[in-house]
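Dumped my_file_10.cif below, it's mmCIF, N, CA, C and O atoms:
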```
data_final
loop_
_atom_site.label_atom_id
_atom_site.label_comp_id
_atom_site.auth_asym_id
_atom_site.auth_seq_id
_atom_site.Cartn_x
_atom_site.Cartn_y
_atom_site.Cartn_z
N MET A 1 0.86 -1.16 0.00
CA MET A 1 0.00 0.00 0.00
C MET A 1 0.91 1.22 0.00
O MET A 1 1.93 1.24 0.68
N ARG A 2 0.52 2.24 -0.76
CA ARG A 2 1.32 3.46 -0.86
C ARG A 2 0.49 4.65 -0.37
O ARG A 2 -0.68 4.79 -0.71
N VAL A 3 1.12 5.49 0.44
CA VAL A 3 0.48 6.70 0.94
C VAL A 3 1.42 7.87 0.71
O VAL A 3 2.60 7.79 1.05
N SER A 4 0.91 8.94 0.13
CA SER A 4 1.70 10.15 -0.09
C SER A 4 1.22 11.23 0.87
O SER A 4 0.03 11.53 0.94
N ILE A 5 2.17 11.80 1.61
CA ILE A 5 1.88 12.91 2.50
C ILE A 5 2.90 13.99 2.18
O ILE A 5 4.10 13.83 2.46
N GLY A 6 2.44 15.05 1.58
CA GLY A 6 3.37 16.09 1.13
C GLY A 6 4.28 15.52 0.07
O GLY A 6 3.84 14.91 -0.89
N SER A 7 5.57 15.67 0.26
CA SER A 7 6.53 15.12 -0.69
C SER A 7 7.06 13.75 -0.25
O SER A 7 7.91 13.17 -0.92
N ASN A 8 6.55 13.23 0.86
CA ASN A 8 7.00 11.94 1.37
C ASN A 8 6.12 10.81 0.86
O ASN A 8 4.90 10.95 0.76
N GLU A 9 6.74 9.68 0.54
CA GLU A 9 6.05 8.48 0.11
C GLU A 9 6.24 7.41 1.19
O GLU A 9 7.37 7.05 1.52
N TYR A 10 5.15 6.91 1.73
CA TYR A 10 5.20 5.85 2.72
C TYR A 10 4.67 4.57 2.10
O TYR A 10 3.75 4.60 1.29
N ARG A 11 5.27 3.45 2.47
CA ARG A 11 4.84 2.15 1.99
C ARG A 11 4.47 1.29 3.19
O ARG A 11 5.10 1.36 4.24
N THR A 12 3.44 0.48 3.01
CA THR A 12 3.04 -0.49 4.01
C THR A 12 2.91 -1.84 3.33
O THR A 12 2.26 -1.95 2.29
N ILE A 13 3.53 -2.84 3.90
CA ILE A 13 3.41 -4.20 3.39
C ILE A 13 2.25 -4.85 4.14
O ILE A 13 2.20 -4.84 5.36
N LEU A 14 1.28 -5.38 3.39
CA LEU A 14 0.11 -5.96 4.01
C LEU A 14 -0.13 -7.38 3.52
O LEU A 14 0.44 -7.81 2.52
N PHE A 15 -0.97 -8.10 4.24
CA PHE A 15 -1.28 -9.48 3.93
C PHE A 15 -2.78 -9.68 4.10
O PHE A 15 -3.34 -9.37 5.16
N ALA A 16 -3.45 -10.17 3.05
CA ALA A 16 -4.88 -10.48 3.12
C ALA A 16 -5.05 -11.89 3.68
O ALA A 16 -4.49 -12.84 3.13
N ILE A 17 -5.79 -12.02 4.75
CA ILE A 17 -5.92 -13.29 5.44
C ILE A 17 -6.98 -14.19 4.81
O ILE A 17 -6.76 -15.38 4.63
N ASP A 18 -8.12 -13.64 4.45
CA ASP A 18 -9.26 -14.47 4.08
C ASP A 18 -9.60 -14.48 2.59
O ASP A 18 -10.63 -15.00 2.20
N HIS A 19 -8.74 -13.91 1.75
CA HIS A 19 -9.03 -13.90 0.32
C HIS A 19 -7.74 -13.65 -0.45
O HIS A 19 -6.85 -12.95 0.04
N ASP A 20 -7.63 -14.21 -1.65
CA ASP A 20 -6.45 -13.98 -2.48
C ASP A 20 -6.40 -12.55 -3.01
O ASP A 20 -5.34 -12.01 -3.25
N ASN A 21 -7.56 -11.94 -3.18
CA ASN A 21 -7.66 -10.58 -3.69
C ASN A 21 -7.78 -9.60 -2.52
O ASN A 21 -8.73 -9.69 -1.73
N VAL A 22 -6.84 -8.69 -2.40
CA VAL A 22 -6.84 -7.74 -1.27
C VAL A 22 -8.11 -6.89 -1.25
O VAL A 22 -8.65 -6.59 -0.19
N ILE A 23 -8.60 -6.53 -2.41
CA ILE A 23 -9.79 -5.68 -2.48
C ILE A 23 -11.03 -6.41 -1.93
O ILE A 23 -11.89 -5.80 -1.31
N GLU A 24 -11.10 -7.71 -2.13
CA GLU A 24 -12.25 -8.48 -1.66
C GLU A 24 -12.06 -9.04 -0.25
O GLU A 24 -12.98 -9.59 0.33
N ALA A 25 -10.87 -8.89 0.30
CA ALA A 25 -10.59 -9.43 1.64
C ALA A 25 -11.32 -8.63 2.71
O ALA A 25 -11.52 -7.43 2.60
N ARG A 26 -11.71 -9.34 3.75
CA ARG A 26 -12.35 -8.69 4.90
C ARG A 26 -11.40 -8.58 6.07
O ARG A 26 -11.64 -7.82 7.01
N LYS A 27 -10.31 -9.36 6.04
CA LYS A 27 -9.31 -9.32 7.10
C LYS A 27 -7.94 -9.08 6.47
O LYS A 27 -7.46 -9.90 5.69
N ILE A 28 -7.33 -7.97 6.82
CA ILE A 28 -6.02 -7.60 6.29
C ILE A 28 -5.12 -7.22 7.46
O ILE A 28 -5.53 -6.49 8.35
N VAL A 29 -3.90 -7.73 7.43
CA VAL A 29 -2.92 -7.41 8.47
C VAL A 29 -1.85 -6.51 7.84
O VAL A 29 -1.29 -6.84 6.81
N LEU A 30 -1.63 -5.34 8.46
CA LEU A 30 -0.55 -4.46 8.03
C LEU A 30 0.70 -4.91 8.76
O LEU A 30 0.76 -4.89 9.98
N LEU A 31 1.71 -5.34 7.99
CA LEU A 31 2.87 -5.99 8.59
C LEU A 31 4.03 -5.06 8.86
O LEU A 31 4.71 -5.19 9.86
N ASN A 32 4.29 -4.12 7.95
CA ASN A 32 5.46 -3.26 8.12
C ASN A 32 5.25 -1.98 7.33
O ASN A 32 4.81 -2.02 6.19
N GLY A 33 5.56 -0.87 7.93
CA GLY A 33 5.48 0.42 7.25
C GLY A 33 6.82 1.11 7.27
O GLY A 33 7.58 0.99 8.23
N PHE A 34 7.13 1.85 6.18
CA PHE A 34 8.43 2.53 6.11
C PHE A 34 8.34 3.70 5.15
O PHE A 34 7.47 3.76 4.29
N LEU A 35 9.24 4.65 5.33
CA LEU A 35 9.35 5.82 4.46
C LEU A 35 10.19 5.46 3.26
O LEU A 35 11.31 4.97 3.39
N LYS A 36 9.65 5.67 2.08
CA LYS A 36 10.38 5.38 0.85
C LYS A 36 11.32 6.54 0.57
O LYS A 36 10.91 7.67 0.44
N LYS A 37 12.61 6.24 0.46
CA LYS A 37 13.60 7.29 0.29
C LYS A 37 14.18 7.34 -1.12
O LYS A 37 14.74 8.34 -1.51
N SER A 38 14.06 6.26 -1.87
CA SER A 38 14.59 6.23 -3.24
C SER A 38 13.87 5.14 -4.01
O SER A 38 12.93 4.53 -3.53
N SER A 39 14.34 4.87 -5.21
CA SER A 39 13.70 3.83 -6.03
C SER A 39 14.39 2.48 -5.88
O SER A 39 14.20 1.60 -6.69
N LYS A 40 15.16 2.31 -4.80
CA LYS A 40 15.88 1.05 -4.61
C LYS A 40 14.95 -0.06 -4.16
O LYS A 40 13.82 0.17 -3.74
N ASP A 41 15.44 -1.28 -4.22
CA ASP A 41 14.71 -2.45 -3.77
C ASP A 41 14.70 -2.48 -2.24
O ASP A 41 15.73 -2.28 -1.60
N TYR A 42 13.56 -2.75 -1.64
CA TYR A 42 13.44 -2.75 -0.18
C TYR A 42 13.37 -4.17 0.36
O TYR A 42 12.45 -4.54 1.08
N ARG A 43 14.34 -4.99 0.00
CA ARG A 43 14.39 -6.40 0.42
C ARG A 43 14.38 -6.53 1.94
O ARG A 43 13.71 -7.39 2.49
N LYS A 44 15.11 -5.67 2.66
CA LYS A 44 15.15 -5.76 4.12
C LYS A 44 13.76 -5.54 4.71
O LYS A 44 13.36 -6.24 5.64
N GLN A 45 13.01 -4.59 4.19
CA GLN A 45 11.66 -4.32 4.69
C GLN A 45 10.73 -5.50 4.42
O GLN A 45 9.88 -5.84 5.25
N ILE A 46 10.88 -6.12 3.26
CA ILE A 46 10.07 -7.30 2.93
C ILE A 46 10.42 -8.45 3.86
O ILE A 46 9.53 -9.16 4.34
N ASP A 47 11.69 -8.63 4.15
CA ASP A 47 12.12 -9.68 5.07
C ASP A 47 11.56 -9.45 6.48
O ASP A 47 11.16 -10.40 7.16
N ILE A 48 11.51 -8.20 6.92
CA ILE A 48 10.93 -7.88 8.23
C ILE A 48 9.45 -8.25 8.24
O ILE A 48 8.95 -8.85 9.19
N ALA A 49 8.74 -7.93 7.17
CA ALA A 49 7.32 -8.25 7.07
C ALA A 49 7.11 -9.76 7.10
O ALA A 49 6.18 -10.26 7.76
N LYS A 50 7.96 -10.52 6.42
CA LYS A 50 7.85 -11.98 6.43
C LYS A 50 8.08 -12.53 7.83
O LYS A 50 7.38 -13.45 8.27
N THR A 51 9.04 -11.97 8.56
CA THR A 51 9.31 -12.40 9.93
C THR A 51 8.09 -12.15 10.82
O THR A 51 7.69 -13.01 11.61
N ILE A 52 7.48 -10.98 10.68
CA ILE A 52 6.29 -10.64 11.47
C ILE A 52 5.17 -11.61 11.14
O ILE A 52 4.48 -12.12 12.04
N LEU A 53 4.96 -11.89 9.87
CA LEU A 53 3.89 -12.81 9.45
C LEU A 53 4.15 -14.21 10.02
O LEU A 53 3.21 -14.85 10.52
N ASN A 54 5.37 -14.68 9.99
CA ASN A 54 5.69 -16.00 10.55
C ASN A 54 5.45 -16.04 12.05
O ASN A 54 5.00 -17.06 12.58
N GLU A 55 5.72 -14.94 12.75
CA GLU A 55 5.46 -14.88 14.19
C GLU A 55 3.96 -14.91 14.48
O GLU A 55 3.52 -15.50 15.47
N LEU A 56 3.16 -14.30 13.61
CA LEU A 56 1.71 -14.31 13.80
C LEU A 56 1.11 -15.70 13.58
O LEU A 56 0.07 -16.03 14.17
N LYS A 57 1.75 -16.51 12.77
CA LYS A 57 1.26 -17.87 12.49
C LYS A 57 1.42 -18.80 13.68
O LYS A 57 0.73 -19.80 13.78
N LYS A 58 2.34 -18.49 14.59
CA LYS A 58 2.60 -19.37 15.74
C LYS A 58 1.48 -19.35 16.75
O LYS A 58 0.73 -18.52 16.94
#
```

Mind turning the file's structure into structure tokens?
Amino acid sequence: MRVSIGSNEYRTILFAIDHDNVIEARKIVLLNGFLKKSSKDYRKQIDIAKTILNELKK
């Protein structure tokens, strides 16, 4: 998910629990949010979100 506030771009990694399509999902978990600083790949942020999701599964 992308949110623009002024000149800042924020990204949130989310996971739909009850449907493959996020738009049709009724339960969505926001896993990680961060300020986008450039057009680089955010692998570390994705890895953090995966860790959070794995912790929620326990």

Just want the 5 Å neighbourhood of A:Phe15, counted on only N, CA, C and O atoms, with same-chain residues fewer than 6 positions away dropped. Output as a CSV table (one decimal) with N, CA, C and O atoms, in the frame of the given file.
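Saved as result-v8.csv:
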```csv
chain,number,residue,atom,x,y,z
A,27,LYS,N,-10.3,-9.4,6.0
A,27,LYS,CA,-9.3,-9.3,7.1
A,27,LYS,C,-7.9,-9.1,6.5
A,27,LYS,O,-7.5,-9.9,5.7
A,28,ILE,N,-7.3,-8.0,6.8
A,28,ILE,CA,-6.0,-7.6,6.3
A,28,ILE,C,-5.1,-7.2,7.5
A,28,ILE,O,-5.5,-6.5,8.4
A,29,VAL,N,-3.9,-7.7,7.4
A,29,VAL,CA,-2.9,-7.4,8.5
A,29,VAL,C,-1.8,-6.5,7.8
A,29,VAL,O,-1.3,-6.8,6.8
```

Find the spatial neighbours of A:Glu9, counting only C-alpha atoms, within a cut-off of 9 Å - ignore same-chain residues fewer than 4 positions away - and output them as a VMD selection string.
chain A and resid 2 to 5 34 to 37

Enumerate the residues of chain A with a DSSP assignment of strand (DSSP E), computed from the backbone, and present them as an NGL selection string.
:A and (2-5 or 8-16 or 28-36)

From the options A:Lys58, A:Ile48, A:Ser39, A:Leu31, which residue's atoms come nearest to A:Ile13, counting only N, CA, C and O atoms?
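Looking at the shortest contact to A:Ile13, the residue is A:Leu31.
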
In Å, rounded to a single decimal, give me how far atom CA of A:Asp18 is from atom O of A:Thr51.
18.6 Å

Using atom C of A:Leu56 and atom C of A:Asn21 as the two end points, give the distance in Å to one decimal.
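These two atoms are separated by 19.4 Å.
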
Box time for stretch 10-19 of chain A: axis-aligned, enclosing all its listed atoms, 5 Å extra on each side; report centre and edge lengths in Å to one decimal, as JSON.
```
{"center_x": -2.7, "center_y": -4.2, "center_z": 2.5, "size_x": 25.9, "size_y": 32.3, "size_z": 15.9}
```

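What separates atom O of A:Asn54 from atom CA of A:Asp20 is a distance of 19.2 Å.
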
If you run DSSP on this backbone, which residues of chain A come out as helix (DSSP H, G or I), and could you give them as a PyMOL selection string?
chain A and resi 43-57
